[in-house]
>>> print(open('my_file_27.txt').read())   # compact mmCIF, C-alpha atoms
# COMPACT_ATOMS: atom_id res chain seq x y z
CA MET W 1 76.77 88.85 80.86
CA ARG W 2 78.58 91.02 78.36
CA ASN W 3 78.41 94.05 80.65
CA LEU W 4 79.69 91.91 83.52
CA ARG W 5 82.71 90.83 81.50
CA TRP W 6 83.40 94.43 80.56
CA SER W 7 83.20 95.49 84.20
CA SER W 8 85.48 92.64 85.28
CA SER W 9 88.05 93.82 82.76
CA ALA W 10 87.78 97.29 84.25
CA VAL W 11 88.62 96.03 87.72
CA LYS W 12 91.52 94.08 86.28
CA MET W 13 92.78 97.31 84.76
CA ALA W 14 92.65 98.92 88.19
CA GLU W 15 94.90 96.21 89.55
CA GLU W 16 97.24 95.69 86.62
CA ILE W 17 97.69 99.24 85.24
CA ASN W 18 95.69 98.77 82.08
CA SER W 19 97.09 95.73 80.34
CA PRO W 20 97.21 96.41 76.59
CA ALA W 21 95.21 93.25 75.96
CA SER W 22 92.25 94.58 77.92
CA ALA W 23 92.27 98.12 76.55
CA SER W 24 89.31 97.83 74.21
CA THR W 25 87.06 96.08 76.73
CA THR W 26 88.00 98.67 79.33
CA ALA W 27 86.97 101.48 76.99
CA ALA W 28 83.55 99.94 76.63
CA ALA W 29 83.26 99.47 80.40
CA ALA W 30 84.26 103.03 81.18
CA ALA W 31 81.93 104.49 78.57
CA THR W 32 79.06 102.29 79.72
CA THR W 33 79.59 103.19 83.37
CA ALA W 34 79.94 106.89 82.67
CA THR W 35 76.69 106.89 80.68
CA THR W 36 74.84 104.85 83.28
CA THR W 37 76.08 107.09 86.08
CA SER W 38 74.89 110.20 84.26
CA ARG W 39 71.45 108.78 83.44
CA SER W 40 70.80 107.53 86.95
CA ARG W 41 72.14 110.51 88.90
CA SER W 42 68.73 112.11 89.40
CA SER W 43 66.91 108.86 90.15
CA ARG W 44 69.54 107.73 92.66
CA SER W 45 68.73 110.67 94.89
CA LEU W 46 65.32 109.11 95.48
CA TRP W 47 66.78 105.80 96.68
CA PRO W 48 67.23 105.02 100.38
CA SER W 49 70.79 105.95 101.35
CA VAL W 50 71.60 102.35 102.22
CA LEU W 51 70.97 101.38 98.59
CA ARG W 52 72.82 104.35 97.12
CA TRP W 53 76.17 103.70 98.72
CA ILE W 54 78.15 101.32 100.84
CA PRO W 55 80.29 103.68 102.96
CA THR W 56 84.04 103.46 103.20
CA SER W 57 86.76 105.49 104.84
CA THR W 58 90.32 105.18 106.12
CA ASP W 59 88.92 103.56 109.28
CA HIS W 60 87.01 101.03 107.17
CA ILE W 61 90.19 100.26 105.22
CA ILE W 62 92.27 99.74 108.37
CA ALA W 63 89.55 97.50 109.82
CA ALA W 64 89.42 95.47 106.58
CA GLU W 65 93.22 95.26 106.63
CA LYS W 66 93.17 93.84 110.16
CA ARG W 67 90.63 91.23 109.15
CA LEU W 68 92.74 90.21 106.15
CA LEU W 69 95.96 90.11 108.17
CA SER W 70 94.28 87.89 110.75
CA LEU W 71 95.29 85.16 108.29
CA VAL W 72 98.95 85.95 108.99
CA LYS W 73 100.45 84.10 111.95
CA THR W 74 103.47 86.36 112.51
CA PRO W 75 102.80 89.14 115.05
CA TYR W 76 102.95 92.64 113.62
CA VAL W 77 102.54 96.28 114.58
CA GLN W 78 100.36 98.64 112.54
CA GLU W 79 101.12 102.36 112.76
CA LYS W 80 100.35 105.64 111.04
CA VAL W 81 103.76 107.19 110.37
CA ASP W 82 103.55 110.99 110.33
CA ILE W 83 105.24 112.49 107.26
CA GLY W 84 104.28 116.10 107.97
CA THR W 85 102.60 118.52 105.58
CA GLY W 86 105.21 118.37 102.83
CA PRO W 87 108.89 117.76 102.11
CA PRO W 88 111.41 120.28 103.53
CA GLY W 89 111.92 123.23 101.22
CA SER W 90 108.86 122.42 99.18
CA LYS W 91 106.52 125.25 98.22
CA VAL W 92 103.59 122.86 98.30
CA ARG W 93 101.95 120.68 100.92
CA TRP W 94 101.52 117.17 99.46
CA PHE W 95 101.04 118.84 96.74
CA ARG W 96 98.92 122.01 96.79
CA SER W 97 96.61 120.44 99.36
CA ALA W 98 94.43 123.11 100.89
CA SER W 99 94.99 121.63 104.33
CA ASN W 100 97.87 122.08 106.76
CA GLU W 101 96.98 118.72 108.25
CA PRO W 102 99.97 116.39 108.70
CA ARG W 103 99.79 113.30 106.51
CA PHE W 104 100.64 109.72 107.40
CA ILE W 105 101.76 106.50 105.75
CA ASN W 106 99.98 103.35 106.90
CA THR W 107 102.71 100.89 107.90
CA VAL W 108 102.87 97.31 109.17
CA THR W 109 106.06 95.87 110.67
CA PHE W 110 106.38 92.15 111.37
CA ASP W 111 108.30 90.51 114.18
CA SER W 112 111.67 89.15 113.10
CA ASN W 113 114.87 87.66 114.42
CA GLU W 114 117.36 90.17 115.75
CA GLY W 115 119.85 91.21 113.11
CA SER W 116 117.67 90.23 110.16
CA PRO W 117 118.01 92.44 107.06
CA THR W 118 115.16 94.90 106.53
CA LEU W 119 112.85 94.32 103.56
CA VAL W 120 110.49 97.18 102.64
CA MET W 121 107.58 96.17 100.38
CA VAL W 122 105.73 98.63 98.13
CA HIS W 123 102.46 97.71 96.39
CA GLY W 124 101.35 98.52 92.85
CA TYR W 125 98.58 100.58 91.24
CA GLY W 126 95.08 99.82 92.49
CA ALA W 127 96.53 97.72 95.31
CA SER W 128 97.69 98.16 98.92
CA GLN W 129 100.13 96.43 101.27
CA GLY W 130 97.55 93.79 102.24
CA PHE W 131 97.98 92.19 98.81
CA PHE W 132 101.17 90.63 100.23
CA PHE W 133 99.19 88.75 102.90
CA ARG W 134 100.30 85.38 101.51
CA ASN W 135 103.97 86.33 101.81
CA PHE W 136 104.46 87.92 105.20
CA ASP W 137 104.85 84.71 107.22
CA ALA W 138 107.42 83.15 104.90
CA LEU W 139 109.48 86.31 104.45
CA ALA W 140 109.39 87.30 108.13
CA LYS W 141 111.42 84.15 108.89
CA HIS W 142 114.35 85.75 107.07
CA PHE W 143 113.75 89.52 107.11
CA ARG W 144 112.47 92.36 109.19
CA VAL W 145 109.47 92.91 106.88
CA ILE W 146 107.91 96.36 106.62
CA ALA W 147 105.03 96.98 104.20
CA ILE W 148 103.48 100.34 103.44
CA ASP W 149 100.52 101.90 101.70
CA GLN W 150 101.84 104.62 99.42
CA LEU W 151 100.55 108.15 99.98
CA GLY W 152 97.04 108.38 98.57
CA TRP W 153 96.46 104.61 98.64
CA GLY W 154 95.08 102.03 101.03
CA GLY W 155 94.94 103.14 104.65
CA SER W 156 97.37 106.05 104.20
CA SER W 157 96.31 109.69 104.03
CA ARG W 158 94.48 110.63 100.85
CA PRO W 159 95.27 114.30 100.16
CA ASP W 160 93.64 116.06 97.24
CA PHE W 161 95.71 115.15 94.20
CA THR W 162 96.56 118.35 92.36
CA CYS W 163 99.85 117.49 90.65
CA LYS W 164 100.08 118.96 87.17
CA SER W 165 103.07 117.20 85.62
CA THR W 166 105.01 113.97 85.52
CA GLU W 167 107.80 115.52 87.62
CA GLU W 168 105.41 116.66 90.34
CA THR W 169 103.64 113.30 90.34
CA GLU W 170 106.86 111.36 90.74
CA ALA W 171 107.86 113.72 93.57
CA TRP W 172 104.52 113.03 95.31
CA PHE W 173 105.50 109.38 95.74
CA ILE W 174 109.30 109.64 96.01
CA ASP W 175 109.37 112.52 98.51
CA SER W 176 106.59 111.10 100.68
CA PHE W 177 108.46 107.78 100.81
CA GLU W 178 111.66 109.62 101.80
CA GLU W 179 109.85 111.48 104.59
CA TRP W 180 108.50 108.12 105.75
CA ARG W 181 112.04 106.66 105.73
CA LYS W 182 113.29 109.56 107.84
CA ALA W 183 110.44 109.17 110.31
CA LYS W 184 111.22 105.44 110.62
CA ASN W 185 114.98 106.16 110.84
CA LEU W 186 115.73 103.52 108.21
CA SER W 187 118.83 103.04 106.12
CA ASP W 188 120.54 100.15 104.37
CA PHE W 189 117.35 98.31 103.52
CA ILE W 190 116.24 96.04 100.69
CA LEU W 191 113.49 97.72 98.67
CA LEU W 192 110.88 95.60 96.86
CA GLY W 193 108.27 97.14 94.59
CA HIS W 194 105.52 95.51 92.53
CA SER W 195 104.27 96.89 89.19
CA PHE W 196 103.76 100.66 89.64
CA GLY W 197 105.37 100.23 93.06
CA GLY W 198 108.40 98.90 91.19
CA TYR W 199 108.48 102.09 89.15
CA VAL W 200 108.36 104.19 92.33
CA ALA W 201 111.00 102.01 94.05
CA ALA W 202 113.35 102.33 91.08
CA LYS W 203 112.87 106.10 90.87
CA TYR W 204 113.50 106.36 94.61
CA ALA W 205 116.69 104.28 94.35
CA LEU W 206 117.92 106.52 91.53
CA LYS W 207 117.44 109.60 93.73
CA HIS W 208 118.49 108.10 97.08
CA PRO W 209 120.81 105.14 96.32
CA GLU W 210 122.68 105.59 99.61
CA HIS W 211 119.76 104.11 101.56
CA VAL W 212 119.03 101.05 99.40
CA GLN W 213 121.18 97.92 99.67
CA HIS W 214 119.36 95.97 97.00
CA LEU W 215 116.42 96.60 94.68
CA ILE W 216 113.83 93.92 93.86
CA LEU W 217 111.45 94.85 91.06
CA VAL W 218 108.48 92.49 90.70
CA GLY W 219 106.78 92.80 87.31
CA PRO W 220 107.76 96.49 87.26
CA ALA W 221 105.92 99.02 85.13
CA GLY W 222 107.51 101.91 83.30
CA PHE W 223 110.65 100.62 81.64
CA THR W 224 109.69 101.49 78.09
CA SER W 225 107.91 104.33 76.35
CA GLU W 226 105.51 104.06 73.45
CA THR W 227 108.33 105.09 71.11
CA ASP W 228 110.81 102.61 72.60
CA SER W 229 108.43 99.69 72.23
CA LYS W 230 107.71 100.53 68.58
CA SER W 231 104.14 99.33 69.14
CA GLU W 232 102.05 99.90 66.08
CA TRP W 233 98.90 98.57 67.72
CA ILE W 234 98.48 101.81 69.72
CA THR W 235 98.34 103.93 66.57
CA ARG W 236 95.90 101.55 64.92
CA PHE W 237 93.73 101.27 68.02
CA ARG W 238 93.54 105.04 68.54
CA ALA W 239 92.14 105.33 65.03
CA THR W 240 89.10 103.25 66.07
CA TRP W 241 86.11 104.66 67.96
CA LYS W 242 86.93 102.53 70.99
CA GLY W 243 90.50 103.76 70.95
CA ALA W 244 89.36 107.38 70.70
CA VAL W 245 86.98 106.90 73.64
CA ILE W 246 89.49 105.26 75.98
CA ASN W 247 92.27 107.68 75.02
CA HIS W 248 89.93 110.58 75.84
CA LEU W 249 88.95 108.97 79.15
CA TRP W 250 92.61 108.33 79.96
CA GLU W 251 93.64 111.93 79.30
CA SER W 252 90.60 113.07 81.31
CA ASN W 253 91.91 110.99 84.24
CA PHE W 254 88.90 108.69 84.30
CA THR W 255 90.29 105.96 86.54
CA PRO W 256 89.05 102.37 86.89
CA GLN W 257 88.21 103.09 90.53
CA ARG W 258 85.52 105.52 89.39
CA ILE W 259 83.73 102.56 87.85
CA ILE W 260 83.65 100.78 91.21
CA ARG W 261 82.36 103.91 92.95
CA GLY W 262 79.80 104.51 90.21
CA LEU W 263 78.34 101.04 90.66
CA GLY W 264 77.36 101.91 94.23
CA PRO W 265 75.79 98.89 95.99
CA TRP W 266 76.82 96.57 93.13
CA GLY W 267 80.53 97.41 93.59
CA PRO W 268 81.29 94.81 96.28
CA ASP W 269 79.71 92.00 94.26
CA LEU W 270 81.75 92.93 91.19
CA VAL W 271 84.96 92.94 93.24
CA ARG W 272 84.00 89.58 94.75
CA ARG W 273 83.57 88.06 91.28
CA TYR W 274 86.92 89.43 90.25
CA THR W 275 88.94 88.23 93.25
CA SER W 276 87.28 84.81 93.13
CA ASN W 277 88.06 84.34 89.44
CA ARG W 278 91.39 86.14 89.03
CA PHE W 279 93.71 85.00 91.78
CA GLY W 280 95.01 81.49 91.48
CA VAL W 281 94.43 81.30 87.73
CA TYR W 282 98.08 80.35 87.19
CA SER W 283 98.45 78.75 90.60
CA THR W 284 100.15 75.50 91.53
CA GLY W 285 96.85 74.52 93.13
CA ASP W 286 97.04 76.76 96.17
CA ILE W 287 94.13 78.91 95.00
CA LEU W 288 92.36 81.32 97.32
CA ASN W 289 90.22 79.46 99.83
CA ASP W 290 86.78 80.80 100.75
CA GLU W 291 88.03 82.78 103.74
CA GLU W 292 90.93 84.32 101.83
CA ALA W 293 88.64 85.28 98.96
CA ARG W 294 86.05 86.82 101.30
CA LEU W 295 88.56 88.87 103.30
CA LEU W 296 90.53 89.97 100.24
CA THR W 297 87.33 91.04 98.49
CA ASP W 298 86.27 93.14 101.47
CA TYR W 299 89.72 94.74 101.65
CA VAL W 300 90.01 95.40 97.92
CA TYR W 301 86.56 96.97 97.74
CA HIS W 302 87.26 99.47 100.51
CA THR W 303 90.66 100.45 99.08
CA LEU W 304 89.19 101.00 95.59
CA ALA W 305 86.00 102.79 96.64
CA ALA W 306 87.64 105.28 99.02
CA LYS W 307 88.38 108.89 98.12
CA ALA W 308 90.33 109.35 94.89
CA SER W 309 93.90 110.48 95.57
CA GLY W 310 97.01 108.56 94.51
CA GLU W 311 95.09 106.81 91.72
CA LEU W 312 94.98 110.11 89.81
CA CYS W 313 98.69 109.74 89.04
CA LEU W 314 97.87 107.46 86.13
CA LYS W 315 97.79 109.87 83.18
CA TYR W 316 100.85 111.77 84.37
CA ILE W 317 103.08 108.70 84.78
CA PHE W 318 101.83 106.67 81.80
CA SER W 319 100.41 107.40 78.39
CA PHE W 320 97.53 105.27 77.14
CA GLY W 321 98.67 101.63 76.99
CA ALA W 322 100.72 101.89 80.21
CA PHE W 323 103.79 103.31 78.45
CA ALA W 324 105.95 105.44 80.73
CA ARG W 325 106.22 109.15 79.98
CA MET W 326 109.67 109.16 81.66
CA PRO W 327 110.77 105.54 81.11
CA LEU W 328 113.23 103.88 83.45
CA LEU W 329 115.17 102.48 80.50
CA GLN W 330 116.51 105.97 79.84
CA SER W 331 118.08 106.00 83.33
CA ALA W 332 119.56 102.49 83.24
CA SER W 333 123.12 103.77 82.85
CA ASP W 334 122.66 105.83 86.04
CA TRP W 335 121.69 102.79 88.15
CA LYS W 336 123.71 102.56 91.37
CA VAL W 337 121.92 99.79 93.28
CA PRO W 338 122.25 96.03 92.52
CA THR W 339 118.90 94.90 91.14
CA SER W 340 116.87 91.70 90.83
CA PHE W 341 113.85 91.48 88.56
CA ILE W 342 111.10 88.90 89.22
CA TYR W 343 108.38 88.08 86.68
CA GLY W 344 105.65 85.47 86.51
CA PHE W 345 105.80 83.33 83.37
CA GLN W 346 102.39 84.68 82.33
CA ASP W 347 103.05 88.26 83.44
CA TRP W 348 101.78 90.72 80.83
CA MET W 349 104.62 93.04 81.85
CA ASN W 350 107.32 92.26 79.33
CA TYR W 351 110.63 91.14 80.84
CA GLN W 352 112.43 92.13 77.63
CA GLY W 353 112.39 95.70 78.94
CA ALA W 354 114.46 94.55 81.91
CA GLN W 355 116.83 92.69 79.59
CA GLU W 356 117.37 95.84 77.56
CA ALA W 357 117.96 97.91 80.71
CA ARG W 358 120.50 95.38 81.99
CA LYS W 359 122.67 96.01 78.93
CA HIS W 360 123.19 99.60 80.12
CA MET W 361 123.54 99.00 83.86
CA LYS W 362 126.90 99.17 85.58
CA VAL W 363 125.73 97.23 88.65
CA PRO W 364 124.87 93.53 89.14
CA CYS W 365 121.49 92.69 87.65
CA GLU W 366 119.59 89.42 87.32
CA ILE W 367 116.18 88.50 85.93
CA THR W 368 114.21 85.58 87.35
CA ARG W 369 110.95 84.12 86.04
CA VAL W 370 108.52 82.19 88.24
CA PRO W 371 106.34 79.44 86.71
CA GLN W 372 102.56 79.17 87.07
CA ALA W 373 102.20 82.85 87.88
CA GLY W 374 100.94 86.00 86.23
CA HIS W 375 101.33 89.66 87.17
CA PHE W 376 100.45 88.93 90.82
CA VAL W 377 103.20 86.33 91.14
CA PHE W 378 103.23 86.64 94.94
CA ILE W 379 99.58 85.53 95.10
CA ASP W 380 99.57 83.10 92.16
CA ASN W 381 102.65 81.12 93.22
CA PRO W 382 103.77 82.32 96.66
CA THR W 383 106.23 79.45 97.14
CA GLY W 384 107.99 80.23 93.87
CA PHE W 385 107.96 83.94 94.66
CA HIS W 386 109.54 83.37 98.08
CA SER W 387 112.27 81.26 96.50
CA ALA W 388 112.98 84.03 94.00
CA VAL W 389 113.17 86.71 96.73
CA LEU W 390 115.48 84.60 98.92
CA HIS W 391 117.71 83.90 95.94
CA ALA W 392 117.82 87.61 95.07
CA CYS W 393 118.88 88.40 98.67
CA ARG W 394 121.26 85.47 99.14
CA ARG W 395 124.28 87.72 99.81
CA PHE W 396 122.48 89.08 102.90
CA LEU W 397 121.31 85.68 104.13
CA SER W 398 124.09 83.18 103.49
CA PRO W 399 127.88 83.29 103.88
CA ASP W 400 128.37 81.00 100.87
CA HIS W 401 125.97 82.87 98.61
CA ASP W 402 128.26 82.71 95.58
CA SER W 403 127.83 78.96 95.32
CA GLN W 404 124.02 78.90 95.56
CA PRO W 405 122.30 77.79 92.34
CA LEU W 406 118.97 79.11 91.11
CA PRO W 407 116.20 77.21 92.97
CA ASP W 408 114.40 74.42 91.13
CA GLY W 409 111.54 75.59 88.96
CA LEU W 410 112.80 79.13 88.52
CA THR W 411 114.26 80.33 85.22
CA SER W 412 116.94 82.93 84.60
CA ALA W 413 116.30 85.28 81.69
>>> encode(input="my_file_27.txt", output="structure tokens")
Amino acid sequence: MRNLRWSSSAVKMAEEINSPASASTTAAAAATTATTTSRSRSSRSLWPSVLRWIPTSTDHIIAAEKRLLSLVKTPYVQEKVDIGTGPPGSKVRWFRSASNEPRFINTVTFDSNEGSPTLVMVHGYGASQGFFFRNFDALAKHFRVIAIDQLGWGGSSRPDFTCKSTEETEAWFIDSFEEWRKAKNLSDFILLGHSFGGYVAAKYALKHPEHVQHLILVGPAGFTSETDSKSEWITRFRATWKGAVINHLWESNFTPQRIIRGLGPWGPDLVRRYTSNRFGVYSTGDILNDEEARLLTDYVYHTLAAKASGELCLKYIFSFGAFARMPLLQSASDWKVPTSFIYGFQDWMNYQGAQEARKHMKVPCEITRVPQAGHFVFIDNPTGFHSAVLHACRRFLSPDHDSQPLPDGLTSA
């Protein structure tokens, strides 16, 4: 049971970018899995192939995505948007890939009323666009909703990840998103990003503000650095053996997804336990039903177990403890796009970072908190999340937006 709890914490880290509270248990999980993988490598070769591995691929991911999105009633179009071999003028091909093969961004676009504002949704670390499956129907009534898998994630291309710095890693995501925007011929859209996707969305808006009408950051990562947060627990924890182990694994780019892959045929069961227990913990009662849990588990497993690519960004973007190496707070005074922050009441991402950033912004900024929700506010309390998004976008949806109060249940920070 103890090993199971450790492994569950590891999956949670994959989805929530290594919450500080779970750091020590994750270290134990990673060390245990690495040791087990090494010891069993020779014996595994003797197993029947069906027991050694449950195969996955981009095709498996797209098929799992379609099964999950069968729960969504709004018609949609799924496409692979070609973004070429690399950004114009770049000396590298997404980045230093040995292949000249054009890459693509997996994209779903939902039917909408003519003239509706465009809302582009970007997922977080260890996730994919299907995580928004509980939100597409409600939001498509008001927006032209487009959701993507970032390069190296979900059903998008997974080039070899060979970035060597924070700057290169940020460019991997920002430039690939810009090539996607060009291919889709988009401009003047609302950009929503969750967690690490919020970090990418904010960095994109800083570089290309002319294309973004409004920025919605949902539990965004990367606003503070280790120094900014003045966290003494990191220094103390690194001095322990567990801290030394996990810091070494972090700097070695040992990702949580490697644990899922290393578990082989036991990976799907571990993911099933996680999705069944995690989502709906803070819910208003609308917890995942059996079908939702089954389809989400299938989808999550395939996205986590597929070839490592975008996940390897972790150590270049964040230091151990999920502190940004190039924190967004340092760029707050350069903000050019009106911004709305949305946090669950129980979100481990600290909204105080957004409050500090707001002090330096020269554009409108508001912070909204949603009750009975954690880091995955859009799954935990979808109704509250939808209210927060509609309120954030009220100037695009209502002629009398100035007189609209904050919806009941939501809190302004």
>>> closest_residue(input="my_file_27.txt", among="W:Ser165, W:Ser116, W:Gln150, W:Ser333", to="Glu179 of chain W", atoms="all atoms listed in the file")
W:Gln150
>>> closest_residue(input="my_file_27.txt", among="W:Tyr204, W:Phe131, W:Tyr301, W:Phe143", to="Gly267 of chain W", atoms="all atoms listed in the file")
W:Tyr301
>>> atom_distance(input="my_file_27.txt", atom1="atom CA of Gly193 of chain W", atom2="atom CA of Gly155 of chain W")
17.7 Å
>>> atom_distance(input="my_file_27.txt", atom1="atom CA of Asp400 of chain W", atom2="atom CA of Leu191 of chain W")
22.5 Å
>>> atom_distance(input="my_file_27.txt", atom1="atom CA of Phe104 of chain W", atom2="atom CA of Ser309 of chain W")
13.6 Å
>>> residues_around(input="my_file_27.txt", residues="Pro327 of chain W", least_positions_apart="5", cutoff="6 Å", atoms="only C-alpha atoms", output="PyMOL selection string")
chain W and resi 222-225
>>> write_last_selection(input="my_file_27.txt", atoms="C-alpha atoms", output="compact mmCIF listing (two decimals), in the frame of the given file")
# COMPACT_ATOMS: atom_id res chain seq x y z
CA GLY W 222 107.51 101.91 83.30
CA PHE W 223 110.65 100.62 81.64
CA THR W 224 109.69 101.49 78.09
CA SER W 225 107.91 104.33 76.35
>>> decode(input="my_file_27.txt", residues="segment 242-250 of chain W", atoms="all heavy atoms", output="PDB file, in the first residue's frame")
ATOM      1  N   LYS W 242      16.312  12.471   0.992  1.00  0.00           N
ATOM      2  CA  LYS W 242      15.230  12.482   0.018  1.00  0.00           C
ATOM      3  C   LYS W 242      15.355  13.697  -0.898  1.00  0.00           C
ATOM      4  O   LYS W 242      15.144  13.608  -2.114  1.00  0.00           O
ATOM      5  CB  LYS W 242      13.870  12.495   0.717  1.00  0.00           C
ATOM      6  CG  LYS W 242      13.506  11.198   1.412  1.00  0.00           C
ATOM      7  CD  LYS W 242      12.126  11.285   2.026  1.00  0.00           C
ATOM      8  CE  LYS W 242      11.732   9.983   2.723  1.00  0.00           C
ATOM      9  NZ  LYS W 242      10.385  10.076   3.339  1.00  0.00           N
ATOM     10  N   GLY W 243      15.677  14.842  -0.299  1.00  0.00           N
ATOM     11  CA  GLY W 243      15.831  16.042  -1.097  1.00  0.00           C
ATOM     12  C   GLY W 243      16.979  15.926  -2.082  1.00  0.00           C
ATOM     13  O   GLY W 243      16.881  16.364  -3.228  1.00  0.00           O
ATOM     14  N   ALA W 244      18.081  15.318  -1.646  1.00  0.00           N
ATOM     15  CA  ALA W 244      19.225  15.132  -2.537  1.00  0.00           C
ATOM     16  C   ALA W 244      18.870  14.219  -3.699  1.00  0.00           C
ATOM     17  O   ALA W 244      19.260  14.464  -4.847  1.00  0.00           O
ATOM     18  CB  ALA W 244      20.401  14.559  -1.750  1.00  0.00           C
ATOM     19  N   VAL W 245      18.090  13.148  -3.414  1.00  0.00           N
ATOM     20  CA  VAL W 245      17.697  12.204  -4.454  1.00  0.00           C
ATOM     21  C   VAL W 245      16.804  12.880  -5.486  1.00  0.00           C
ATOM     22  O   VAL W 245      17.042  12.804  -6.698  1.00  0.00           O
ATOM     23  CB  VAL W 245      16.981  10.982  -3.850  1.00  0.00           C
ATOM     24  CG1 VAL W 245      16.306  10.151  -4.950  1.00  0.00           C
ATOM     25  CG2 VAL W 245      17.966  10.122  -3.082  1.00  0.00           C
ATOM     26  N   ILE W 246      15.744  13.562  -5.024  1.00  0.00           N
ATOM     27  CA  ILE W 246      14.802  14.144  -5.983  1.00  0.00           C
ATOM     28  C   ILE W 246      15.430  15.306  -6.740  1.00  0.00           C
ATOM     29  O   ILE W 246      15.160  15.502  -7.929  1.00  0.00           O
ATOM     30  CB  ILE W 246      13.490  14.574  -5.287  1.00  0.00           C
ATOM     31  CG1 ILE W 246      12.439  14.858  -6.357  1.00  0.00           C
ATOM     32  CG2 ILE W 246      13.688  15.778  -4.416  1.00  0.00           C
ATOM     33  CD1 ILE W 246      11.045  15.081  -5.799  1.00  0.00           C
ATOM     34  N   ASN W 247      16.317  16.071  -6.087  1.00  0.00           N
ATOM     35  CA  ASN W 247      16.980  17.161  -6.799  1.00  0.00           C
ATOM     36  C   ASN W 247      17.882  16.597  -7.897  1.00  0.00           C
ATOM     37  O   ASN W 247      17.939  17.136  -9.012  1.00  0.00           O
ATOM     38  CB  ASN W 247      17.795  18.006  -5.827  1.00  0.00           C
ATOM     39  CG  ASN W 247      18.323  19.268  -6.488  1.00  0.00           C
ATOM     40  OD1 ASN W 247      17.574  20.133  -6.916  1.00  0.00           O
ATOM     41  ND2 ASN W 247      19.655  19.369  -6.586  1.00  0.00           N
ATOM     42  N   HIS W 248      18.565  15.477  -7.598  1.00  0.00           N
ATOM     43  CA  HIS W 248      19.404  14.829  -8.613  1.00  0.00           C
ATOM     44  C   HIS W 248      18.546  14.314  -9.768  1.00  0.00           C
ATOM     45  O   HIS W 248      18.897  14.486 -10.944  1.00  0.00           O
ATOM     46  CB  HIS W 248      20.197  13.676  -7.995  1.00  0.00           C
ATOM     47  CG  HIS W 248      20.945  12.862  -9.001  1.00  0.00           C
ATOM     48  ND1 HIS W 248      22.096  13.324  -9.620  1.00  0.00           N
ATOM     49  CD2 HIS W 248      20.699  11.621  -9.525  1.00  0.00           C
ATOM     50  CE1 HIS W 248      22.521  12.404 -10.469  1.00  0.00           C
ATOM     51  NE2 HIS W 248      21.697  11.366 -10.431  1.00  0.00           N
ATOM     52  N   LEU W 249      17.417  13.668  -9.436  1.00  0.00           N
ATOM     53  CA  LEU W 249      16.532  13.156 -10.475  1.00  0.00           C
ATOM     54  C   LEU W 249      15.976  14.301 -11.321  1.00  0.00           C
ATOM     55  O   LEU W 249      15.867  14.191 -12.544  1.00  0.00           O
ATOM     56  CB  LEU W 249      15.390  12.352  -9.847  1.00  0.00           C
ATOM     57  CG  LEU W 249      15.782  11.026  -9.195  1.00  0.00           C
ATOM     58  CD1 LEU W 249      14.591  10.429  -8.446  1.00  0.00           C
ATOM     59  CD2 LEU W 249      16.288  10.043 -10.242  1.00  0.00           C
ATOM     60  N   TRP W 250      15.614  15.401 -10.658  1.00  0.00           N
ATOM     61  CA  TRP W 250      15.085  16.563 -11.378  1.00  0.00           C
ATOM     62  C   TRP W 250      16.110  17.086 -12.377  1.00  0.00           C
ATOM     63  O   TRP W 250      15.805  17.290 -13.558  1.00  0.00           O
ATOM     64  CB  TRP W 250      14.705  17.654 -10.379  1.00  0.00           C
ATOM     65  CG  TRP W 250      14.003  18.829 -10.980  1.00  0.00           C
ATOM     66  CD1 TRP W 250      14.543  19.791 -11.785  1.00  0.00           C
ATOM     67  CD2 TRP W 250      12.626  19.164 -10.839  1.00  0.00           C
ATOM     68  NE1 TRP W 250      13.595  20.716 -12.133  1.00  0.00           N
ATOM     69  CE2 TRP W 250      12.400  20.358 -11.572  1.00  0.00           C
ATOM     70  CE3 TRP W 250      11.564  18.590 -10.147  1.00  0.00           C
ATOM     71  CZ2 TRP W 250      11.155  20.969 -11.633  1.00  0.00           C
ATOM     72  CZ3 TRP W 250      10.321  19.204 -10.209  1.00  0.00           C
ATOM     73  CH2 TRP W 250      10.125  20.368 -10.948  1.00  0.00           C
TER      74      TRP W 250
END
